[in-house]
Structures are given as C-alpha cells and as structure tokens.
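Visitor: There's a structure below that I have some questions on.
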Amino acid sequence: MPMKVPKLKTLPFVEENSETVLKVEELVRFLRKHVTEGDKAIRIDNLKLELSKKKELRTVDANTFVTFQGVIVYIFNHINDYAICQTIAAEISKVLCGKTDDKNEQRKEASEIINGETVKLNNIIHTYNGLRQSVEKYQEYIFKEKPTVTVTECLPSQCINHTNGVHAFVECKAAADFGSLEEQATLVRSDLNKTHGVVVPEVIFLEENTLNEYSCKQCTNDNYHKFHLRDDYFSGKLGNKIVHVLHEYDEDYIDLLEPKTLKHQDDDNKVYCEYCFQNISSHIFKPLDWKHFDLLKEWYLKFH
C-alpha cells in the first residue's frame, strides 16, 4: 500500500484486523537508520512505553505492532529530538497544504452527505434532499411545473394510526380543485414508493408561499425548517394555511417496492438508497472525514 509521504514509503505497513500497522522493530530500525549527530538515543523500551500509554500498540501472533496513527503521533511528538521526524513532519505539511484533488473533494462531499440530514425507513437510509428532489422532478415532468414541496419523517408520538413513512407538504394554487389534488397526491405516493420504497400516509396541501415562512438560508438540504413545519402541523398552528389533507393509512393500496440500494460490505445496518446517494455512489463506503483523526491516514495512503 504505497504512501504519499516520501520518507514513509519504505516502511512495510500491513493490514491486521482492519487496521494499518507496522512492527515496532521496523519503526525503531527506520529511526536508527536516520539518526544524525545531536539526535537522542532511540530506546525500544521507551518507545513502546510511550505508544502503550497512547493505546497505539497491538499484539498479533506474539509480534508487537504500532498503528499508523501511532507512527504519526510519535513523529510529531519528537520533531525536536530527531532530524528524520522534522523531515517527515515537513513532508506531511506539504501534503496537507497541497491542492486537493477531485477524488478527495468527492469523498469529502460523500462524508458531508452521509453525516447530514438522513432518515432510515424500512432499514434503508435516505436523504431528505433525495426524497424531495425525486418528487420535484417527477411532478415537473408530469405537470410541466416544478412544485414547492418538502417531506418529513412521520412522528411516532403523533402518527399512531399508520406505520413509519413520510409526510409530504406540497403548496398548491388557490384555484386547484379536489380532483387535481387527488391526482397530485397519487403521483407523490407513487414516486416515493417506486423510487425509494417509502410510504406516504399523508399528503398535506398548503396555501402558496406557506413554505417561505419556514425557509432557512443555513439549511443544507431543501432550505426549509421541515421539522418546525411538522410540529406546527401537528399542533394545529398552520390553521387555514392547510388547503387539504389526503390520507392513505391503509397500506394495502401498494405492494411496497424494494428500491435499488447500495449495501455496505462490512456493516449490514448500512443500506443506502441508490437514488438518494447516486452522486456519491463510488465514494460512499470510503468517505473522507475531515474531522476524524484518521484524516492523516487518508492523506498518506492510496486505497486500491
């Protein structure tokens, strides 16, 4: 597994129990090989003690290994003790400050989406943005006009007469008749069911511009305070702004479809809706998490 940091390329890192590790003896041999005049003596017992306190040592088949993170921590902790640590730290800084390539940008985006506003329905993870966008595109295709819509997960404490699904809030024109609303509600349910395998017990039609009152410039997805909207709906605060609510609590009206999914090879609990995560499908299982310490590993290792 080649490194992006030149001086670390020669170190024989291996994979053990899903961790990248290096034999302690190899690290000591490497450091001693690059000792220069004025460097402190390198004692293996002291090195092991330091890394043990940081819980970065692993024992496999009577061999003692240090984790990749442990190697990096040790290097930065001894910049003033060993010239080689200064050199490696400089190389790491150069890599970190270098231009981020397109792949890492995409992996960063994948991490942000996965850790953003998602909802798990029928054991499949969706994004609110993906649910909303599919409704918008389908309705725009049918009616030649993009609807103003948002969706929220059912609230268990309030939704006692139906199973887990989503509520769709859709703005409608004042002149809309009941027949057209029924048709639109059917299309909303059909799209979310066929595309995402999601049920829609209630489609709530609102007066035009109602959602503007819940707009949010900081929101990362559909720019609405959707949960505030849902709370106001259940508390009755929306009042006359509700034009009509079309219910469909009997789920026998559909054969719940299994949407196309992306399954995590190491975690059965992580099954992603392909539609919602289509833009990051090639990076969904190797996102670049900029907030976790493993970021160091991501910069230096090339994954195959």
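Residues in the structure tokens are numbered from 1 in each chain, the chains being A, B, ... in the order shown, and ligands are numbered from 1 in the order shown.
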DSSP says strand (DSSP E) for which residues of stretch 132-284 of chain A? Put them as a short mmCIF file (atom, residue, chain, number, x, y, z; two decimals) with all heavy atoms, in the first residue's frame?
Guide:
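For reference, states-v1.cif as written:
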data_model
loop_
_atom_site.label_atom_id
_atom_site.label_comp_id
_atom_site.auth_asym_id
_atom_site.auth_seq_id
_atom_site.Cartn_x
_atom_site.Cartn_y
_atom_site.Cartn_z
N VAL A 149 -42.22 21.81 -2.45
CA VAL A 149 -42.53 20.64 -1.64
C VAL A 149 -41.41 20.36 -0.65
O VAL A 149 -40.25 20.71 -0.89
CB VAL A 149 -42.76 19.40 -2.55
CG1 VAL A 149 -41.53 19.13 -3.39
CG2 VAL A 149 -43.11 18.17 -1.74
N THR A 150 -41.76 19.77 0.46
CA THR A 150 -40.77 19.24 1.40
C THR A 150 -41.38 18.01 2.05
O THR A 150 -42.61 17.83 2.04
CB THR A 150 -40.36 20.28 2.46
OG1 THR A 150 -39.24 19.79 3.18
CG2 THR A 150 -41.49 20.57 3.43
N VAL A 151 -40.53 17.15 2.60
CA VAL A 151 -41.01 15.93 3.25
C VAL A 151 -40.37 15.80 4.62
O VAL A 151 -39.26 16.27 4.85
CB VAL A 151 -40.71 14.66 2.42
CG1 VAL A 151 -41.39 14.71 1.09
CG2 VAL A 151 -39.21 14.47 2.25
N THR A 152 -41.10 15.19 5.55
CA THR A 152 -40.56 14.92 6.89
C THR A 152 -40.97 13.51 7.30
O THR A 152 -42.00 12.99 6.87
CB THR A 152 -41.10 15.90 7.94
OG1 THR A 152 -42.51 15.70 8.10
CG2 THR A 152 -40.81 17.33 7.55
N GLU A 153 -40.16 12.93 8.15
CA GLU A 153 -40.46 11.60 8.66
C GLU A 153 -41.69 11.67 9.57
O GLU A 153 -41.93 12.67 10.26
CB GLU A 153 -39.27 11.07 9.46
CG GLU A 153 -39.46 9.66 9.99
CD GLU A 153 -38.27 9.20 10.82
OE1 GLU A 153 -37.41 10.03 11.15
OE2 GLU A 153 -38.22 8.00 11.14
N VAL A 166 -43.31 8.93 5.48
CA VAL A 166 -43.05 10.36 5.45
C VAL A 166 -44.35 11.12 5.17
O VAL A 166 -45.28 10.58 4.57
CB VAL A 166 -42.01 10.74 4.37
CG1 VAL A 166 -40.66 10.13 4.68
CG2 VAL A 166 -42.47 10.36 2.97
N HIS A 167 -44.37 12.36 5.61
CA HIS A 167 -45.44 13.29 5.28
C HIS A 167 -44.91 14.20 4.18
O HIS A 167 -43.79 14.70 4.27
CB HIS A 167 -45.86 14.12 6.49
CG HIS A 167 -46.47 13.32 7.59
ND1 HIS A 167 -47.82 13.15 7.72
CD2 HIS A 167 -45.89 12.63 8.61
CE1 HIS A 167 -48.07 12.39 8.77
NE2 HIS A 167 -46.90 12.07 9.32
N ALA A 168 -45.70 14.41 3.17
CA ALA A 168 -45.32 15.31 2.09
C ALA A 168 -46.13 16.60 2.21
O ALA A 168 -47.36 16.57 2.29
CB ALA A 168 -45.57 14.66 0.73
N PHE A 169 -45.43 17.72 2.26
CA PHE A 169 -46.07 19.03 2.31
C PHE A 169 -45.89 19.67 0.94
O PHE A 169 -44.77 19.91 0.49
CB PHE A 169 -45.43 19.90 3.38
CG PHE A 169 -45.67 19.42 4.79
CD1 PHE A 169 -44.83 18.47 5.37
CD2 PHE A 169 -46.74 19.91 5.53
CE1 PHE A 169 -45.04 18.03 6.66
CE2 PHE A 169 -46.97 19.47 6.83
CZ PHE A 169 -46.11 18.52 7.40
N VAL A 170 -47.02 19.96 0.28
CA VAL A 170 -46.97 20.47 -1.09
C VAL A 170 -47.82 21.73 -1.19
O VAL A 170 -48.98 21.74 -0.77
CB VAL A 170 -47.52 19.42 -2.08
CG1 VAL A 170 -47.37 19.91 -3.52
CG2 VAL A 170 -46.84 18.07 -1.89
N GLU A 171 -47.24 22.79 -1.74
CA GLU A 171 -48.02 24.01 -1.97
C GLU A 171 -48.90 23.83 -3.20
O GLU A 171 -48.52 23.16 -4.16
CB GLU A 171 -47.10 25.21 -2.16
CG GLU A 171 -46.41 25.65 -0.89
CD GLU A 171 -45.66 26.96 -1.06
OE1 GLU A 171 -45.64 27.49 -2.21
OE2 GLU A 171 -45.09 27.46 -0.08
N CYS A 172 -50.09 24.42 -3.16
CA CYS A 172 -51.00 24.32 -4.31
C CYS A 172 -51.61 25.69 -4.60
O CYS A 172 -51.65 26.56 -3.74
CB CYS A 172 -52.10 23.29 -4.05
SG CYS A 172 -53.22 23.71 -2.70
N GLU A 202 -49.77 10.61 4.56
CA GLU A 202 -50.48 11.89 4.42
C GLU A 202 -49.76 12.81 3.44
O GLU A 202 -48.54 12.97 3.52
CB GLU A 202 -50.59 12.61 5.77
CG GLU A 202 -51.49 11.91 6.78
CD GLU A 202 -51.65 12.70 8.06
OE1 GLU A 202 -50.86 13.64 8.29
OE2 GLU A 202 -52.55 12.37 8.84
N VAL A 203 -50.54 13.40 2.54
CA VAL A 203 -50.04 14.47 1.67
C VAL A 203 -50.80 15.73 2.09
O VAL A 203 -52.04 15.78 1.99
CB VAL A 203 -50.27 14.18 0.18
CG1 VAL A 203 -49.76 15.34 -0.67
CG2 VAL A 203 -49.57 12.88 -0.22
N ILE A 204 -50.08 16.72 2.58
CA ILE A 204 -50.69 17.94 3.11
C ILE A 204 -50.51 19.06 2.09
O ILE A 204 -49.37 19.46 1.79
CB ILE A 204 -50.05 18.35 4.46
CG1 ILE A 204 -50.21 17.23 5.49
CG2 ILE A 204 -50.67 19.64 4.98
CD1 ILE A 204 -48.99 16.35 5.66
N PHE A 205 -51.60 19.54 1.57
CA PHE A 205 -51.55 20.63 0.61
C PHE A 205 -51.68 21.97 1.35
O PHE A 205 -52.59 22.14 2.18
CB PHE A 205 -52.65 20.49 -0.43
CG PHE A 205 -52.40 19.36 -1.40
CD1 PHE A 205 -53.00 18.12 -1.22
CD2 PHE A 205 -51.55 19.54 -2.48
CE1 PHE A 205 -52.76 17.08 -2.09
CE2 PHE A 205 -51.30 18.50 -3.36
CZ PHE A 205 -51.91 17.26 -3.17
N LEU A 206 -50.77 22.88 1.04
CA LEU A 206 -50.71 24.17 1.73
C LEU A 206 -50.96 25.32 0.75
O LEU A 206 -50.77 25.18 -0.46
CB LEU A 206 -49.33 24.36 2.36
CG LEU A 206 -48.84 23.27 3.32
CD1 LEU A 206 -47.37 23.52 3.67
CD2 LEU A 206 -49.69 23.23 4.57
N GLU A 207 -51.38 26.44 1.32
CA GLU A 207 -51.53 27.65 0.50
C GLU A 207 -50.18 28.03 -0.10
O GLU A 207 -49.12 27.74 0.47
CB GLU A 207 -52.04 28.81 1.36
CG GLU A 207 -53.49 28.70 1.78
CD GLU A 207 -53.94 29.92 2.57
OE1 GLU A 207 -53.05 30.73 2.96
OE2 GLU A 207 -55.15 30.07 2.79
N ILE A 242 -53.65 25.27 5.68
CA ILE A 242 -53.84 23.91 5.15
C ILE A 242 -55.06 23.91 4.23
O ILE A 242 -56.18 24.19 4.65
CB ILE A 242 -54.05 22.89 6.28
CG1 ILE A 242 -52.81 22.83 7.19
CG2 ILE A 242 -54.35 21.51 5.71
CD1 ILE A 242 -52.97 21.92 8.39
N VAL A 243 -54.83 23.62 2.96
CA VAL A 243 -55.92 23.58 1.98
C VAL A 243 -56.64 22.25 2.06
O VAL A 243 -57.88 22.21 2.09
CB VAL A 243 -55.36 23.80 0.56
CG1 VAL A 243 -56.49 23.66 -0.48
CG2 VAL A 243 -54.71 25.17 0.45
N HIS A 244 -55.89 21.18 2.12
CA HIS A 244 -56.50 19.85 2.19
C HIS A 244 -55.45 18.84 2.62
O HIS A 244 -54.25 19.00 2.33
CB HIS A 244 -57.09 19.45 0.84
CG HIS A 244 -58.17 18.42 0.94
ND1 HIS A 244 -59.45 18.72 1.31
CD2 HIS A 244 -58.14 17.08 0.76
CE1 HIS A 244 -60.18 17.62 1.33
NE2 HIS A 244 -59.39 16.60 1.01
N VAL A 245 -55.90 17.81 3.31
CA VAL A 245 -55.02 16.70 3.69
C VAL A 245 -55.61 15.41 3.13
O VAL A 245 -56.76 15.07 3.41
CB VAL A 245 -54.88 16.57 5.22
CG1 VAL A 245 -53.95 15.39 5.57
CG2 VAL A 245 -54.35 17.87 5.83
N LEU A 246 -54.82 14.74 2.31
CA LEU A 246 -55.27 13.48 1.72
C LEU A 246 -54.58 12.33 2.43
O LEU A 246 -53.35 12.22 2.42
CB LEU A 246 -54.97 13.46 0.23
CG LEU A 246 -55.86 14.39 -0.60
CD1 LEU A 246 -55.39 14.46 -2.03
CD2 LEU A 246 -57.31 13.92 -0.56
N HIS A 247 -55.40 11.48 3.08
CA HIS A 247 -54.89 10.38 3.90
C HIS A 247 -54.91 9.08 3.10
O HIS A 247 -55.77 8.86 2.26
CB HIS A 247 -55.75 10.19 5.16
CG HIS A 247 -55.98 11.44 5.94
ND1 HIS A 247 -55.07 11.92 6.86
CD2 HIS A 247 -57.01 12.32 5.94
CE1 HIS A 247 -55.55 13.03 7.40
NE2 HIS A 247 -56.72 13.31 6.84
N THR A 261 -30.46 -0.35 -4.02
CA THR A 261 -29.71 0.07 -2.85
C THR A 261 -28.21 -0.15 -3.03
O THR A 261 -27.77 -0.88 -3.92
CB THR A 261 -30.16 -0.70 -1.59
OG1 THR A 261 -30.01 -2.11 -1.82
CG2 THR A 261 -31.61 -0.38 -1.26
N LEU A 262 -27.46 0.50 -2.15
CA LEU A 262 -26.01 0.33 -2.06
C LEU A 262 -25.75 -0.25 -0.67
O LEU A 262 -26.06 0.40 0.33
CB LEU A 262 -25.30 1.67 -2.22
CG LEU A 262 -25.60 2.44 -3.50
CD1 LEU A 262 -25.12 3.89 -3.37
CD2 LEU A 262 -24.93 1.77 -4.69
N LYS A 263 -25.21 -1.45 -0.60
CA LYS A 263 -25.03 -2.12 0.69
C LYS A 263 -23.58 -2.09 1.12
O LYS A 263 -22.68 -2.38 0.34
CB LYS A 263 -25.53 -3.56 0.59
CG LYS A 263 -27.03 -3.65 0.30
CD LYS A 263 -27.51 -5.09 0.26
CE LYS A 263 -29.01 -5.14 -0.03
NZ LYS A 263 -29.51 -6.54 -0.08
N VAL A 271 -27.50 0.30 4.73
CA VAL A 271 -28.01 0.07 3.39
C VAL A 271 -28.53 1.41 2.88
O VAL A 271 -29.42 2.01 3.49
CB VAL A 271 -29.15 -0.98 3.38
CG1 VAL A 271 -29.64 -1.20 1.96
CG2 VAL A 271 -28.66 -2.29 3.99
N TYR A 272 -27.97 1.90 1.79
CA TYR A 272 -28.27 3.23 1.29
C TYR A 272 -29.16 3.18 0.05
O TYR A 272 -28.98 2.32 -0.82
CB TYR A 272 -26.99 3.99 0.95
CG TYR A 272 -26.05 4.19 2.12
CD1 TYR A 272 -25.04 3.27 2.40
CD2 TYR A 272 -26.18 5.30 2.94
CE1 TYR A 272 -24.18 3.45 3.47
CE2 TYR A 272 -25.32 5.50 4.01
CZ TYR A 272 -24.32 4.57 4.27
OH TYR A 272 -23.48 4.77 5.34
N CYS A 273 -30.11 4.11 -0.03
CA CYS A 273 -30.95 4.26 -1.21
C CYS A 273 -30.08 4.73 -2.37
O CYS A 273 -29.42 5.77 -2.27
CB CYS A 273 -32.07 5.26 -0.92
SG CYS A 273 -33.01 5.75 -2.38
#
Visitor: From a backbone DSSP assignment, name each residue in stretch 23-230 of chain A labelled alpha helix (DSSP H), as a ChimeraX atom specification.
Guide: /A:24-33,44-53,68-77,83-97,102-114,128-143,178-196,226-230
Visitor: Applying 12 Å and only C-alpha atoms, which residues near A:Glu16 remain after dropping the ones on its own chain fewer than 4 positions away? List them as JSON, numbers by chain.
Guide: {"A": [20, 21, 22, 23, 58, 59, 60, 61, 63, 64, 65, 66, 67, 68]}
Visitor: Kindly save the residues from that selection, with N, CA, C and O atoms included, as a short mmCIF file (atom, residue, chain, number, x, y, z; two decimals), in the first residue's frame.
Guide:
data_model
loop_
_atom_site.label_atom_id
_atom_site.label_comp_id
_atom_site.auth_asym_id
_atom_site.auth_seq_id
_atom_site.Cartn_x
_atom_site.Cartn_y
_atom_site.Cartn_z
N THR A 20 -4.17 -0.42 9.81
CA THR A 20 -2.87 -0.35 9.17
C THR A 20 -1.82 -0.25 10.27
O THR A 20 -1.85 0.70 11.07
N VAL A 21 -0.92 -1.22 10.33
CA VAL A 21 0.03 -1.28 11.43
C VAL A 21 1.44 -1.56 10.91
O VAL A 21 1.64 -1.97 9.77
N LEU A 22 2.41 -1.35 11.81
CA LEU A 22 3.83 -1.56 11.49
C LEU A 22 4.50 -2.22 12.68
O LEU A 22 4.22 -1.85 13.84
N LYS A 23 5.35 -3.20 12.43
CA LYS A 23 6.08 -3.82 13.54
C LYS A 23 6.92 -2.76 14.25
O LYS A 23 7.58 -1.93 13.60
N ARG A 58 -0.44 -2.91 19.25
CA ARG A 58 -1.27 -4.09 19.02
C ARG A 58 -0.37 -5.33 19.06
O ARG A 58 0.78 -5.28 18.59
N THR A 59 -0.89 -6.43 19.58
CA THR A 59 -0.14 -7.68 19.61
C THR A 59 -0.83 -8.69 18.71
O THR A 59 -2.02 -8.98 18.89
N VAL A 60 -0.09 -9.23 17.74
CA VAL A 60 -0.61 -10.22 16.81
C VAL A 60 0.43 -11.34 16.67
O VAL A 60 1.56 -11.08 16.25
N ASP A 61 0.02 -12.55 17.06
CA ASP A 61 0.92 -13.71 16.94
C ASP A 61 2.29 -13.43 17.56
O ASP A 61 3.35 -13.64 16.96
N ASN A 63 3.85 -10.84 17.98
CA ASN A 63 4.54 -9.67 17.44
C ASN A 63 3.86 -8.39 17.92
O ASN A 63 2.63 -8.34 18.02
N THR A 64 4.66 -7.38 18.20
CA THR A 64 4.12 -6.11 18.65
C THR A 64 4.13 -5.11 17.49
O THR A 64 5.17 -4.88 16.87
N PHE A 65 2.95 -4.54 17.23
CA PHE A 65 2.79 -3.59 16.13
C PHE A 65 2.39 -2.23 16.69
O PHE A 65 1.79 -2.13 17.77
N VAL A 66 2.68 -1.19 15.93
CA VAL A 66 2.20 0.15 16.23
C VAL A 66 1.26 0.55 15.10
O VAL A 66 1.51 0.26 13.93
N THR A 67 0.16 1.22 15.45
CA THR A 67 -0.80 1.65 14.44
C THR A 67 -0.22 2.78 13.59
O THR A 67 0.73 3.46 13.99
N PHE A 68 -0.81 2.97 12.43
CA PHE A 68 -0.38 4.07 11.57
C PHE A 68 -0.51 5.40 12.31
O PHE A 68 0.39 6.25 12.26
#
Visitor: Nearest residue to A:Arg43 out of A:Val71, A:Val198, A:Val28, A:Ala174, using only C-alpha atoms?
Guide: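 Among the listed residues, A:Val28 lies closest to A:Arg43.
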Visitor: Env of A:Lys260: 12 Å cut, atoms = only C-alpha atoms, seq-sep filter 4 positions within chain, self excluded. Answer as a ChimeraX atom specification.
Guide: /A:124-126,193-197,271-278,281
Visitor: How many Å lie between atom CA of A:Val200 and atom CA of A:Asp268, rounded to one decimal?
Guide: 25.7 Å
